[in-house]
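Read through the structure below, which is laid out as structure tokens, and then see the notes.
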There are 2 protein chains.
Amino acid sequence: MNAKMKDQPQFSIGEVAARAECQVQTVRYYEQVGILPQPARTEGGQRQYTAEHLDRLLFVRRSRELGFSLDTVRRLLRLADKQEDDCSTVDSITTAHLREVQQKISHLRTLERELKRMVAECNHGKIADCRIIQGLARIGPSKP
Amino acid sequence: MNAKMKDQPQFSIGEVAARAECQVQTVRYYEQVGILPQPARTEGGQRQYTAEHLDRLLFVRRSRELGFSLDTVRRLLRLADKQEDDCSTVDSITTAHLREVQQKISHLRTLERELKRMVAECNHGKIADCRIIQGLARIGPSKP
DNA sequence: TCTAAAACCTAAAGCAGCTTTAGGTTCAAG
DNA sequence: CTTGAACCTAAAGCTGCTTTAGGTTTTAGA
């Protein structure tokens with residue numbers, strides 16, 4: 001068995017997109033912004049992906065689903081390629097992202113409480129008396 | 001006292017922006033997209049806002065802080081102007097938005113759990129053995 | 001073998017909700 | 001009267017794709 005075997009192109013763009021559960025255009029977009037390397041092409045100019053490309057795309061999609069920005073995904077990909085490096089950077093990137101997620105949650109919970117209160121206060125009458133509209137119109141919390 | 005009194009222009013764009021705690025450019029942007037009406041101008045062409053404009057801007061900012069889209073803010077503003085209408089539409093817009101916020105929270109909580117698990121599993125060694133990277137590289141949950 | 005449809009290609013614009021940049025003009029204080 | 005802060009417009013930039021327009025290639029069936 002020679003080394004060529006593992007390099008044989010195996011997937012069209014439609015196939016990798018389906019396996020990664022994303023759109024074909026998204027795959028092209030990732031190539032365009034340098035997240036995915038340029039694959040080989042057929043004589044007619046169509047992209048041919050290897051299993052390695054697919055793995056990389058799956059990594060990207062999974063990272064995106066977890067809410068990492070494309071820029072962070074780029075950093076994670078670079079780190080993933082340095083197998084012998086220490087994983088502390090990966091750890092701190094993930095921890096930082098976790099904290100961002102937690103902050104978003106707490107912000108949304110504040111909104112949730114506020115919206116619930118507004119809905120609860122609504123007296124279902126005319127807009128002139130609507131507490132929701134009054135709540136929106138009222139001056140913000142930090143006004144002296 | 002004549003009716004003119006309440007129409008006297010009172011604020012520059014910098015003043016309304018400061019009171020609404022937003023940027024000057026944001027105020028101009030709202031005018032551009034039809035969220036705020038065009039104010040009078042000085043001879044030199046600078047915008048002059050009335051108290052009414054300011055109220056409207058405060059309404060917009062407060063709605064935005066609660067996460068309503070600009071399009072929804074437009075609808076709320078239209079409703080707010082129809083004082084004698086029933087407020088049921090306002091109620092349903094708010095309730096629908098509350099549900100969206102709750103969905104976002106539950107999505108973020110899923111991410112939070114996942115990220116926490118990944119960070120906890122990290123063994124702080126080499127990237128080759130990093131469970132976080134492995135977690136990102138692994139095939140998604142719905143693969144047979 | 002031919003043909004029609006499905007899948008692919010590029011380049012550019014569009015979405016939300018602003019922010020930033022560039023290059024001026026007006027206003028208010030000293 | 002000058003200077004600097006605040007204002008003006010128009011257009012581009014941001015994120016992460018999606019959509020549109022207008023073609024070319026591949027593939028499955030007759």
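Letters for chains follow the order of the structure tokens (A, B, ...), residue numbers begin at 1 for each chain, and ligand numbers begin at 1 in the order shown.
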
Residues flagged helix (DSSP H, G or I) by DSSP in range 15-130 of chain B, as a VMD selection string: chain B and resid 15 to 20 24 to 32 51 to 65 70 to 81 88 to 121 127 to 129

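Using only C-alpha atoms (C1' of nucleotides), the contacts of range 12-15 of chain C at a cut-off of 9 Å, with sequence neighbours closer than 3 positions omitted, comprise DT18, DT19 and DT20 of chain D.
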
With the cut-off set at 6 Å and counting only C-alpha atoms, tabulate each residue of chain A with an atom at most that distance from an atom of chain B, showing the nearest atom pair and its distance in Å to one decimal, ordered by chain and increasing number, as a Markdown table.
```
| residue | atom | partner | partner_atom | distance |
| --- | --- | --- | --- | --- |
| A:Phe59 | CA | B:Ala137 | CA | 4.7 |
| A:Arg62 | CA | B:Leu136 | CA | 5.8 |
| A:Leu66 | CA | B:Leu111 | CA | 5.8 |
| A:Gln83 | CA | B:Ala128 | CA | 4.4 |
| A:Glu84 | CA | B:Lys126 | CA | 5.6 |
| A:Asp85 | CA | B:Lys126 | CA | 5.5 |
| A:Asp86 | CA | B:Lys126 | CA | 4.5 |
| A:Cys87 | CA | B:Ile127 | CA | 4.8 |
| A:Ile105 | CA | B:Ile105 | CA | 5.7 |
| A:Leu111 | CA | B:Leu66 | CA | 5.8 |
| A:His124 | CA | B:Cys87 | CA | 5.9 |
| A:Gly125 | CA | B:Asp86 | CA | 5.8 |
| A:Lys126 | CA | B:Asp86 | CA | 4.5 |
| A:Ile127 | CA | B:Cys87 | CA | 4.8 |
| A:Ala128 | CA | B:Gln83 | CA | 4.4 |
| A:Leu136 | CA | B:Phe59 | CA | 5.4 |
| A:Ala137 | CA | B:Phe59 | CA | 4.7 |
```

Can you show chain B as a tab-separated table (two decimals) with N, CA and C atoms, in the first residue's frame once it has been least-squares superposed onto chain A, using every C-alpha atom paired in order?
```tsv
chain	number	residue	atom	x	y	z
B	1	MET	N	0.78	-1.17	0.09
B	1	MET	CA	-0.10	0.02	0.01
B	1	MET	C	0.73	1.30	0.04
B	2	ASN	N	0.49	2.18	-0.89
B	2	ASN	CA	1.28	3.40	-0.94
B	2	ASN	C	0.55	4.60	-0.33
B	3	ALA	N	1.31	5.66	-0.12
B	3	ALA	CA	0.80	6.83	0.61
B	3	ALA	C	-0.34	7.54	-0.11
B	4	LYS	N	-0.43	7.32	-1.40
B	4	LYS	CA	-1.46	8.02	-2.18
B	4	LYS	C	-2.89	7.74	-1.69
B	5	MET	N	-3.08	6.54	-1.26
B	5	MET	CA	-4.44	6.11	-0.89
B	5	MET	C	-5.24	7.13	-0.09
B	6	LYS	N	-4.63	7.63	0.97
B	6	LYS	CA	-5.39	8.52	1.85
B	6	LYS	C	-5.67	9.89	1.24
B	7	ASP	N	-5.02	10.19	0.12
B	7	ASP	CA	-5.21	11.49	-0.50
B	7	ASP	C	-6.26	11.49	-1.60
B	8	GLN	N	-6.84	10.37	-1.85
B	8	GLN	CA	-7.82	10.32	-2.92
B	8	GLN	C	-9.03	11.19	-2.57
B	9	PRO	N	-9.34	12.07	-3.51
B	9	PRO	CA	-10.51	12.94	-3.29
B	9	PRO	C	-11.75	12.07	-3.21
B	10	GLN	N	-12.62	12.42	-2.31
B	10	GLN	CA	-13.76	11.55	-2.13
B	10	GLN	C	-15.13	12.22	-2.13
B	11	PHE	N	-15.15	13.53	-1.88
B	11	PHE	CA	-16.46	14.15	-1.71
B	11	PHE	C	-16.64	15.40	-2.57
B	12	SER	N	-17.83	15.56	-3.07
B	12	SER	CA	-18.19	16.83	-3.72
B	12	SER	C	-18.57	17.81	-2.61
B	13	ILE	N	-18.71	19.08	-2.98
B	13	ILE	CA	-19.06	20.08	-1.98
B	13	ILE	C	-20.44	19.80	-1.39
B	14	GLY	N	-21.33	19.29	-2.21
B	14	GLY	CA	-22.66	18.96	-1.71
B	14	GLY	C	-22.60	17.86	-0.65
B	15	GLU	N	-21.70	16.91	-0.86
B	15	GLU	CA	-21.57	15.82	0.10
B	15	GLU	C	-21.00	16.27	1.44
B	16	VAL	N	-19.93	17.09	1.39
B	16	VAL	CA	-19.38	17.54	2.68
B	16	VAL	C	-20.38	18.44	3.40
B	17	ALA	N	-21.07	19.26	2.64
B	17	ALA	CA	-22.07	20.14	3.25
B	17	ALA	C	-23.15	19.32	3.95
B	18	ALA	N	-23.62	18.30	3.27
B	18	ALA	CA	-24.66	17.45	3.86
B	18	ALA	C	-24.15	16.79	5.13
B	19	ARG	N	-22.94	16.27	5.08
B	19	ARG	CA	-22.39	15.60	6.26
B	19	ARG	C	-22.16	16.56	7.41
B	20	ALA	N	-21.85	17.79	7.09
B	20	ALA	CA	-21.62	18.77	8.16
B	20	ALA	C	-22.91	19.50	8.50
B	21	GLU	N	-23.97	19.15	7.84
B	21	GLU	CA	-25.28	19.79	8.06
B	21	GLU	C	-25.19	21.31	7.93
B	22	CYS	N	-24.57	21.75	6.86
B	22	CYS	CA	-24.57	23.18	6.59
B	22	CYS	C	-24.82	23.38	5.10
B	23	GLN	N	-24.88	24.61	4.67
B	23	GLN	CA	-25.15	24.88	3.28
B	23	GLN	C	-23.87	24.84	2.45
B	24	VAL	N	-24.06	24.52	1.19
B	24	VAL	CA	-22.96	24.50	0.25
B	24	VAL	C	-22.23	25.85	0.24
B	25	GLN	N	-23.00	26.90	0.21
B	25	GLN	CA	-22.41	28.24	0.17
B	25	GLN	C	-21.56	28.53	1.41
B	26	THR	N	-21.95	27.94	2.52
B	26	THR	CA	-21.20	28.15	3.75
B	26	THR	C	-19.81	27.54	3.63
B	27	VAL	N	-19.73	26.37	3.00
B	27	VAL	CA	-18.44	25.72	2.80
B	27	VAL	C	-17.55	26.61	1.92
B	28	ARG	N	-18.13	27.12	0.86
B	28	ARG	CA	-17.35	28.01	-0.02
B	28	ARG	C	-16.92	29.26	0.74
B	29	TYR	N	-17.82	29.76	1.58
B	29	TYR	CA	-17.50	30.94	2.37
B	29	TYR	C	-16.31	30.67	3.30
B	30	TYR	N	-16.29	29.51	3.94
B	30	TYR	CA	-15.18	29.18	4.83
B	30	TYR	C	-13.86	29.13	4.06
B	31	GLU	N	-13.92	28.62	2.86
B	31	GLU	CA	-12.71	28.59	2.04
B	31	GLU	C	-12.26	30.02	1.74
B	32	GLN	N	-13.22	30.82	1.39
B	32	GLN	CA	-12.94	32.21	1.02
B	32	GLN	C	-12.28	32.99	2.15
B	33	VAL	N	-12.72	32.77	3.38
B	33	VAL	CA	-12.16	33.50	4.51
B	33	VAL	C	-11.01	32.75	5.17
B	34	GLY	N	-10.54	31.69	4.51
B	34	GLY	CA	-9.33	31.03	4.98
B	34	GLY	C	-9.52	30.09	6.16
B	35	ILE	N	-10.74	29.67	6.42
B	35	ILE	CA	-10.99	28.72	7.51
B	35	ILE	C	-10.76	27.29	7.00
B	36	LEU	N	-11.08	27.08	5.75
B	36	LEU	CA	-10.83	25.78	5.12
B	36	LEU	C	-9.82	25.96	3.99
B	37	PRO	N	-8.93	25.00	3.81
B	37	PRO	CA	-7.96	25.10	2.72
B	37	PRO	C	-8.65	24.85	1.37
B	38	GLN	N	-8.03	25.35	0.33
B	38	GLN	CA	-8.58	25.13	-0.99
B	38	GLN	C	-8.42	23.66	-1.38
B	39	PRO	N	-9.49	23.05	-1.79
B	39	PRO	CA	-9.41	21.64	-2.19
B	39	PRO	C	-8.95	21.52	-3.63
B	40	ALA	N	-8.66	20.29	-4.04
B	40	ALA	CA	-8.35	20.05	-5.45
B	40	ALA	C	-9.62	20.32	-6.27
B	41	ARG	N	-9.43	20.41	-7.60
B	41	ARG	CA	-10.59	20.63	-8.47
B	41	ARG	C	-10.63	19.55	-9.53
B	42	THR	N	-11.80	19.28	-10.03
B	42	THR	CA	-11.91	18.40	-11.20
B	42	THR	C	-11.46	19.18	-12.43
B	43	GLU	N	-11.36	18.50	-13.54
B	43	GLU	CA	-10.99	19.22	-14.77
B	43	GLU	C	-11.98	20.33	-15.05
B	44	GLY	N	-13.22	20.08	-14.77
B	44	GLY	CA	-14.26	21.07	-15.01
B	44	GLY	C	-14.29	22.19	-13.98
B	45	GLY	N	-13.47	22.08	-12.92
B	45	GLY	CA	-13.38	23.17	-11.96
B	45	GLY	C	-14.18	22.96	-10.68
B	46	GLN	N	-14.75	21.77	-10.50
B	46	GLN	CA	-15.53	21.55	-9.29
B	46	GLN	C	-14.65	21.05	-8.15
B	47	ARG	N	-15.01	21.46	-6.94
B	47	ARG	CA	-14.19	21.13	-5.76
B	47	ARG	C	-14.27	19.65	-5.40
B	48	GLN	N	-13.10	19.10	-5.01
B	48	GLN	CA	-13.04	17.70	-4.58
B	48	GLN	C	-12.42	17.64	-3.19
B	49	TYR	N	-13.19	17.17	-2.24
B	49	TYR	CA	-12.73	17.15	-0.85
B	49	TYR	C	-12.25	15.78	-0.42
B	50	THR	N	-11.29	15.81	0.49
B	50	THR	CA	-10.80	14.56	1.10
B	50	THR	C	-11.45	14.41	2.48
B	51	ALA	N	-11.20	13.25	3.08
B	51	ALA	CA	-11.72	13.00	4.43
B	51	ALA	C	-11.16	14.03	5.42
B	52	GLU	N	-9.95	14.47	5.15
B	52	GLU	CA	-9.32	15.45	6.03
B	52	GLU	C	-10.06	16.79	6.00
B	53	HIS	N	-10.42	17.19	4.79
B	53	HIS	CA	-11.23	18.40	4.65
B	53	HIS	C	-12.52	18.28	5.43
B	54	LEU	N	-13.14	17.14	5.28
B	54	LEU	CA	-14.42	16.93	5.97
B	54	LEU	C	-14.25	17.03	7.48
B	55	ASP	N	-13.18	16.43	7.99
B	55	ASP	CA	-12.94	16.50	9.43
B	55	ASP	C	-12.79	17.95	9.90
B	56	ARG	N	-12.07	18.70	9.09
B	56	ARG	CA	-11.86	20.08	9.45
B	56	ARG	C	-13.19	20.84	9.44
B	57	LEU	N	-13.98	20.60	8.45
B	57	LEU	CA	-15.29	21.26	8.38
B	57	LEU	C	-16.16	20.88	9.57
B	58	LEU	N	-16.13	19.63	9.95
B	58	LEU	CA	-16.92	19.19	11.11
B	58	LEU	C	-16.45	19.90	12.38
B	59	PHE	N	-15.13	20.04	12.48
B	59	PHE	CA	-14.56	20.75	13.63
B	59	PHE	C	-15.09	22.18	13.67
B	60	VAL	N	-15.06	22.82	12.52
B	60	VAL	CA	-15.54	24.21	12.43
B	60	VAL	C	-17.01	24.31	12.82
B	61	ARG	N	-17.82	23.44	12.25
B	61	ARG	CA	-19.25	23.50	12.53
B	61	ARG	C	-19.54	23.26	14.00
B	62	ARG	N	-18.86	22.29	14.56
B	62	ARG	CA	-19.09	21.99	15.97
B	62	ARG	C	-18.67	23.19	16.84
B	63	SER	N	-17.56	23.81	16.49
B	63	SER	CA	-17.12	24.98	17.26
B	63	SER	C	-18.13	26.11	17.14
B	64	ARG	N	-18.62	26.31	15.94
B	64	ARG	CA	-19.61	27.36	15.70
B	64	ARG	C	-20.89	27.09	16.48
B	65	GLU	N	-21.29	25.84	16.51
B	65	GLU	CA	-22.50	25.49	17.27
B	65	GLU	C	-22.32	25.79	18.75
B	66	LEU	N	-21.08	25.69	19.20
B	66	LEU	CA	-20.81	26.01	20.60
B	66	LEU	C	-20.65	27.51	20.81
B	67	GLY	N	-20.77	28.26	19.73
B	67	GLY	CA	-20.77	29.71	19.86
B	67	GLY	C	-19.42	30.38	19.71
B	68	PHE	N	-18.37	29.64	19.38
B	68	PHE	CA	-17.07	30.27	19.16
B	68	PHE	C	-17.13	31.12	17.90
B	69	SER	N	-16.47	32.27	17.92
B	69	SER	CA	-16.42	33.11	16.73
B	69	SER	C	-15.52	32.47	15.69
B	70	LEU	N	-15.67	32.87	14.45
B	70	LEU	CA	-14.83	32.32	13.39
B	70	LEU	C	-13.36	32.59	13.68
B	71	ASP	N	-13.09	33.73	14.25
B	71	ASP	CA	-11.71	34.07	14.57
B	71	ASP	C	-11.15	33.11	15.62
B	72	THR	N	-11.97	32.80	16.59
B	72	THR	CA	-11.54	31.85	17.62
B	72	THR	C	-11.40	30.45	17.03
B	73	VAL	N	-12.28	30.11	16.12
B	73	VAL	CA	-12.19	28.81	15.46
B	73	VAL	C	-10.85	28.70	14.73
B	74	ARG	N	-10.47	29.78	14.09
B	74	ARG	CA	-9.17	29.79	13.40
B	74	ARG	C	-8.05	29.48	14.39
B	75	ARG	N	-8.11	30.11	15.56
B	75	ARG	CA	-7.07	29.87	16.56
B	75	ARG	C	-7.11	28.43	17.06
B	76	LEU	N	-8.29	27.92	17.26
B	76	LEU	CA	-8.42	26.53	17.73
B	76	LEU	C	-7.87	25.56	16.70
B	77	LEU	N	-8.14	25.85	15.43
B	77	LEU	CA	-7.63	24.98	14.37
B	77	LEU	C	-6.11	24.98	14.35
B	78	ARG	N	-5.55	26.15	14.52
B	78	ARG	CA	-4.08	26.23	14.53
B	78	ARG	C	-3.52	25.42	15.69
B	79	LEU	N	-4.17	25.57	16.84
B	79	LEU	CA	-3.71	24.83	18.02
B	79	LEU	C	-3.87	23.32	17.81
B	80	ALA	N	-4.99	22.94	17.22
B	80	ALA	CA	-5.26	21.52	17.03
B	80	ALA	C	-4.18	20.87	16.16
B	81	ASP	N	-3.57	21.70	15.32
B	81	ASP	CA	-2.53	21.17	14.44
B	81	ASP	C	-1.19	21.00	15.15
B	82	LYS	N	-1.05	21.63	16.32
B	82	LYS	CA	0.22	21.51	17.04
B	82	LYS	C	0.08	20.48	18.15
B	83	GLN	N	0.05	19.25	17.74
B	83	GLN	CA	-0.25	18.13	18.64
B	83	GLN	C	0.64	18.06	19.89
B	84	GLU	N	1.90	18.47	19.75
B	84	GLU	CA	2.80	18.29	20.89
B	84	GLU	C	2.82	19.50	21.84
B	85	ASP	N	2.05	20.54	21.47
B	85	ASP	CA	1.97	21.71	22.35
B	85	ASP	C	1.12	21.41	23.59
B	86	ASP	N	1.31	22.26	24.56
B	86	ASP	CA	0.52	22.20	25.78
B	86	ASP	C	-0.90	22.70	25.48
B	87	CYS	N	-1.90	22.11	26.10
B	87	CYS	CA	-3.26	22.51	25.75
B	87	CYS	C	-3.82	23.63	26.62
B	88	SER	N	-2.95	24.32	27.35
B	88	SER	CA	-3.46	25.35	28.27
B	88	SER	C	-4.15	26.50	27.53
B	89	THR	N	-3.68	26.81	26.33
B	89	THR	CA	-4.33	27.88	25.57
B	89	THR	C	-5.75	27.48	25.17
B	90	VAL	N	-5.87	26.25	24.76
B	90	VAL	CA	-7.20	25.73	24.43
B	90	VAL	C	-8.11	25.85	25.64
B	91	ASP	N	-7.58	25.48	26.77
B	91	ASP	CA	-8.35	25.54	28.01
B	91	ASP	C	-8.79	26.97	28.31
B	92	SER	N	-7.88	27.92	28.16
B	92	SER	CA	-8.25	29.29	28.53
B	92	SER	C	-9.21	29.91	27.52
B	93	ILE	N	-9.08	29.53	26.25
B	93	ILE	CA	-10.04	30.01	25.25
B	93	ILE	C	-11.43	29.51	25.59
B	94	THR	N	-11.49	28.25	25.95
B	94	THR	CA	-12.79	27.66	26.25
B	94	THR	C	-13.39	28.26	27.53
B	95	THR	N	-12.55	28.44	28.51
B	95	THR	CA	-13.03	29.02	29.77
B	95	THR	C	-13.53	30.44	29.56
B	96	ALA	N	-12.79	31.21	28.76
B	96	ALA	CA	-13.21	32.58	28.48
B	96	ALA	C	-14.56	32.58	27.75
B	97	HIS	N	-14.70	31.66	26.83
B	97	HIS	CA	-15.96	31.59	26.09
B	97	HIS	C	-17.11	31.19	27.02
B	98	LEU	N	-16.83	30.27	27.90
B	98	LEU	CA	-17.84	29.86	28.89
B	98	LEU	C	-18.32	31.07	29.69
B	99	ARG	N	-17.38	31.89	30.10
B	99	ARG	CA	-17.77	33.08	30.87
B	99	ARG	C	-18.63	34.03	30.04
B	100	GLU	N	-18.30	34.17	28.76
B	100	GLU	CA	-19.13	35.03	27.89
B	100	GLU	C	-20.55	34.50	27.78
B	101	VAL	N	-20.63	33.17	27.63
B	101	VAL	CA	-21.95	32.55	27.54
B	101	VAL	C	-22.73	32.82	28.83
B	102	GLN	N	-22.05	32.70	29.95
B	102	GLN	CA	-22.72	32.92	31.24
B	102	GLN	C	-23.18	34.36	31.39
B	103	GLN	N	-22.38	35.28	30.87
B	103	GLN	CA	-22.80	36.68	30.93
B	103	GLN	C	-24.02	36.93	30.06
B	104	LYS	N	-24.03	36.31	28.90
B	104	LYS	CA	-25.19	36.47	28.03
B	104	LYS	C	-26.44	35.92	28.70
B	105	ILE	N	-26.28	34.78	29.35
B	105	ILE	CA	-27.42	34.18	30.04
B	105	ILE	C	-27.95	35.14	31.10
B	106	SER	N	-27.03	35.72	31.87
B	106	SER	CA	-27.52	36.55	32.97
B	106	SER	C	-28.18	37.82	32.42
B	107	HIS	N	-27.66	38.31	31.29
B	107	HIS	CA	-28.31	39.47	30.66
B	107	HIS	C	-29.72	39.11	30.20
B	108	LEU	N	-29.82	37.97	29.54
B	108	LEU	CA	-31.13	37.56	29.03
B	108	LEU	C	-32.12	37.28	30.16
B	109	ARG	N	-31.59	36.81	31.27
B	109	ARG	CA	-32.48	36.55	32.41
B	109	ARG	C	-33.04	37.86	32.95
B	110	THR	N	-32.23	38.90	32.92
B	110	THR	CA	-32.72	40.21	33.33
B	110	THR	C	-33.84	40.66	32.40
B	111	LEU	N	-33.62	40.51	31.11
B	111	LEU	CA	-34.66	40.87	30.14
B	111	LEU	C	-35.92	40.04	30.39
B	112	GLU	N	-35.72	38.76	30.65
B	112	GLU	CA	-36.86	37.87	30.87
B	112	GLU	C	-37.71	38.36	32.04
B	113	ARG	N	-37.06	38.67	33.14
B	113	ARG	CA	-37.78	39.16	34.32
B	113	ARG	C	-38.58	40.41	33.98
B	114	GLU	N	-37.90	41.33	33.30
B	114	GLU	CA	-38.53	42.60	32.95
B	114	GLU	C	-39.74	42.39	32.04
B	115	LEU	N	-39.57	41.56	31.03
B	115	LEU	CA	-40.66	41.30	30.08
B	115	LEU	C	-41.83	40.60	30.77
B	116	LYS	N	-41.52	39.68	31.65
B	116	LYS	CA	-42.57	38.98	32.39
B	116	LYS	C	-43.37	39.97	33.23
B	117	ARG	N	-42.66	40.86	33.88
B	117	ARG	CA	-43.32	41.86	34.71
B	117	ARG	C	-44.24	42.72	33.86
B	118	MET	N	-43.73	43.12	32.69
B	118	MET	CA	-44.54	43.97	31.82
B	118	MET	C	-45.81	43.25	31.36
B	119	VAL	N	-45.64	42.01	30.94
B	119	VAL	CA	-46.80	41.25	30.47
B	119	VAL	C	-47.80	41.07	31.62
B	120	ALA	N	-47.28	40.80	32.80
B	120	ALA	CA	-48.17	40.58	33.95
B	120	ALA	C	-48.95	41.84	34.30
B	121	GLU	N	-48.31	42.97	34.11
B	121	GLU	CA	-48.97	44.23	34.48
B	121	GLU	C	-50.00	44.70	33.46
B	122	CYS	N	-49.95	44.10	32.28
B	122	CYS	CA	-50.87	44.56	31.23
B	122	CYS	C	-52.31	44.34	31.66
B	123	ASN	N	-53.10	45.40	31.53
B	123	ASN	CA	-54.49	45.29	31.98
B	123	ASN	C	-55.46	45.01	30.83
B	124	HIS	N	-54.94	44.76	29.66
B	124	HIS	CA	-55.75	44.36	28.50
B	124	HIS	C	-56.85	45.34	28.15
B	125	GLY	N	-56.53	46.61	28.26
B	125	GLY	CA	-57.53	47.62	27.91
B	125	GLY	C	-57.12	48.38	26.67
B	126	LYS	N	-57.26	49.69	26.72
B	126	LYS	CA	-56.88	50.53	25.60
B	126	LYS	C	-55.38	50.85	25.69
B	127	ILE	N	-54.80	51.16	24.55
B	127	ILE	CA	-53.37	51.46	24.52
B	127	ILE	C	-53.04	52.67	25.40
B	128	ALA	N	-53.98	53.60	25.47
B	128	ALA	CA	-53.76	54.78	26.31
B	128	ALA	C	-53.41	54.39	27.75
B	129	ASP	N	-53.94	53.25	28.20
B	129	ASP	CA	-53.70	52.82	29.58
B	129	ASP	C	-52.73	51.65	29.67
B	130	CYS	N	-52.14	51.27	28.53
B	130	CYS	CA	-51.33	50.05	28.51
B	130	CYS	C	-50.04	50.23	29.30
B	131	ARG	N	-49.85	49.35	30.26
B	131	ARG	CA	-48.66	49.43	31.11
B	131	ARG	C	-47.40	49.03	30.35
B	132	ILE	N	-47.57	48.21	29.32
B	132	ILE	CA	-46.39	47.82	28.53
B	132	ILE	C	-45.86	49.04	27.79
B	133	ILE	N	-46.76	49.73	27.11
B	133	ILE	CA	-46.35	50.93	26.39
B	133	ILE	C	-45.80	51.98	27.35
B	134	GLN	N	-46.46	52.10	28.48
B	134	GLN	CA	-45.95	53.05	29.48
B	134	GLN	C	-44.55	52.65	29.95
B	135	GLY	N	-44.37	51.37	30.11
B	135	GLY	CA	-43.06	50.87	30.54
B	135	GLY	C	-41.98	51.19	29.52
B	136	LEU	N	-42.33	51.05	28.26
B	136	LEU	CA	-41.35	51.36	27.20
B	136	LEU	C	-41.10	52.85	27.12
B	137	ALA	N	-42.12	53.62	27.40
B	137	ALA	CA	-41.99	55.07	27.27
B	137	ALA	C	-41.30	55.70	28.47
B	138	ARG	N	-41.29	55.00	29.55
B	138	ARG	CA	-40.75	55.62	30.77
B	138	ARG	C	-39.24	55.82	30.67
B	139	ILE	N	-38.80	56.81	31.41
B	139	ILE	CA	-37.38	57.14	31.39
B	139	ILE	C	-36.57	56.02	32.05
B	140	GLY	N	-35.42	55.79	31.47
B	140	GLY	CA	-34.57	54.69	31.92
B	140	GLY	C	-34.24	54.72	33.41
B	141	PRO	N	-33.63	53.61	33.91
B	141	PRO	CA	-33.41	53.43	35.34
B	141	PRO	C	-32.40	54.38	35.95
B	142	SER	N	-31.42	54.81	35.14
B	142	SER	CA	-30.34	55.61	35.73
B	142	SER	C	-30.50	57.11	35.49
B	143	LYS	N	-31.73	57.59	35.61
B	143	LYS	CA	-31.97	59.02	35.40
B	143	LYS	C	-32.27	59.70	36.73
B	144	PRO	N	-31.56	60.75	37.08
B	144	PRO	CA	-31.81	61.44	38.35
B	144	PRO	C	-33.00	62.41	38.24
```

I'd like a table as JSON lines: residues in chain D with an atom no more than 12 Å from chain A, each row giving the shortest atom pair and its distance in Å to one decimal, only C-alpha atoms (C1' of nucleotides) counted, sorted by chain and rising residue number.
```
{"residue": "D:DT15", "atom": "C1'", "partner": "A:Ser69", "partner_atom": "CA", "distance": 8.7}
{"residue": "D:DG16", "atom": "C1'", "partner": "A:Leu70", "partner_atom": "CA", "distance": 8.1}
{"residue": "D:DC17", "atom": "C1'", "partner": "A:Thr26", "partner_atom": "CA", "distance": 6.8}
{"residue": "D:DT18", "atom": "C1'", "partner": "A:Gln25", "partner_atom": "CA", "distance": 8.1}
{"residue": "D:DT19", "atom": "C1'", "partner": "A:Gln25", "partner_atom": "CA", "distance": 10.2}
{"residue": "D:DT24", "atom": "C1'", "partner": "A:Gly44", "partner_atom": "CA", "distance": 8.3}
{"residue": "D:DT25", "atom": "C1'", "partner": "A:Gly44", "partner_atom": "CA", "distance": 6.1}
{"residue": "D:DT26", "atom": "C1'", "partner": "A:Gly44", "partner_atom": "CA", "distance": 8.9}
```

Non-local contacts of DC14 in chain D (12 Å; only C-alpha atoms (C1' of nucleotides); under 6 positions in same chain excluded) as JSON, numbers by chain: {"C": [16, 17, 18, 19, 20]}

Residues from last step as file, C-alpha atoms (C1' of nucleotides), as a JSON list (two decimals), in the first residue's frame:
```
[["chain", "number", "residue", "atom", "x", "y", "z"],
["C", 16, "DA", "C1'", -29.30, 43.69, 11.29],
["C", 17, "DG", "C1'", -28.00, 47.39, 13.71],
["C", 18, "DC", "C1'", -25.19, 49.98, 14.18],
["C", 19, "DT", "C1'", -19.96, 51.94, 13.99],
["C", 20, "DT", "C1'", -16.18, 53.85, 11.56]]
```

Could you work out which residues of chain C fall inside 12 Å of chain A? Count only C-alpha atoms (C1' of nucleotides), and format the result as a PDB file with C-alpha atoms (C1' of nucleotides), in the first residue's frame.
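And here's iface13.pdb as it stands now:
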```
ATOM      1  C1'  DA C   6     -29.283  18.359 -10.803  1.00  0.00           C
ATOM      2  C1'  DA C   7     -25.297  19.993  -9.028  1.00  0.00           C
ATOM      3  C1'  DC C   8     -21.726  22.793  -9.509  1.00  0.00           C
ATOM      4  C1'  DC C   9     -19.182  27.507 -10.564  1.00  0.00           C
ATOM      5  C1'  DT C  10     -18.092  32.912  -9.703  1.00  0.00           C
TER       6       DT C  10
END
```

Atomic separation - C1' of DA5 in chain D relative to C1' of DA22 in chain C, Å: 18.1 Å

Among the residues C:DT21, C:DC27, C:DT3, C:DA11, the one that comes closest to DT27 in chain D [using only C-alpha atoms (C1' of nucleotides)]: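 Looking at the shortest contact to DT27 in chain D, the residue is C:DT3.
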
Which of range 32-86 of chain A DSSP labels strand (DSSP E), written as a list in words: Ala40, Arg41, Arg47 and Gln48 of chain A
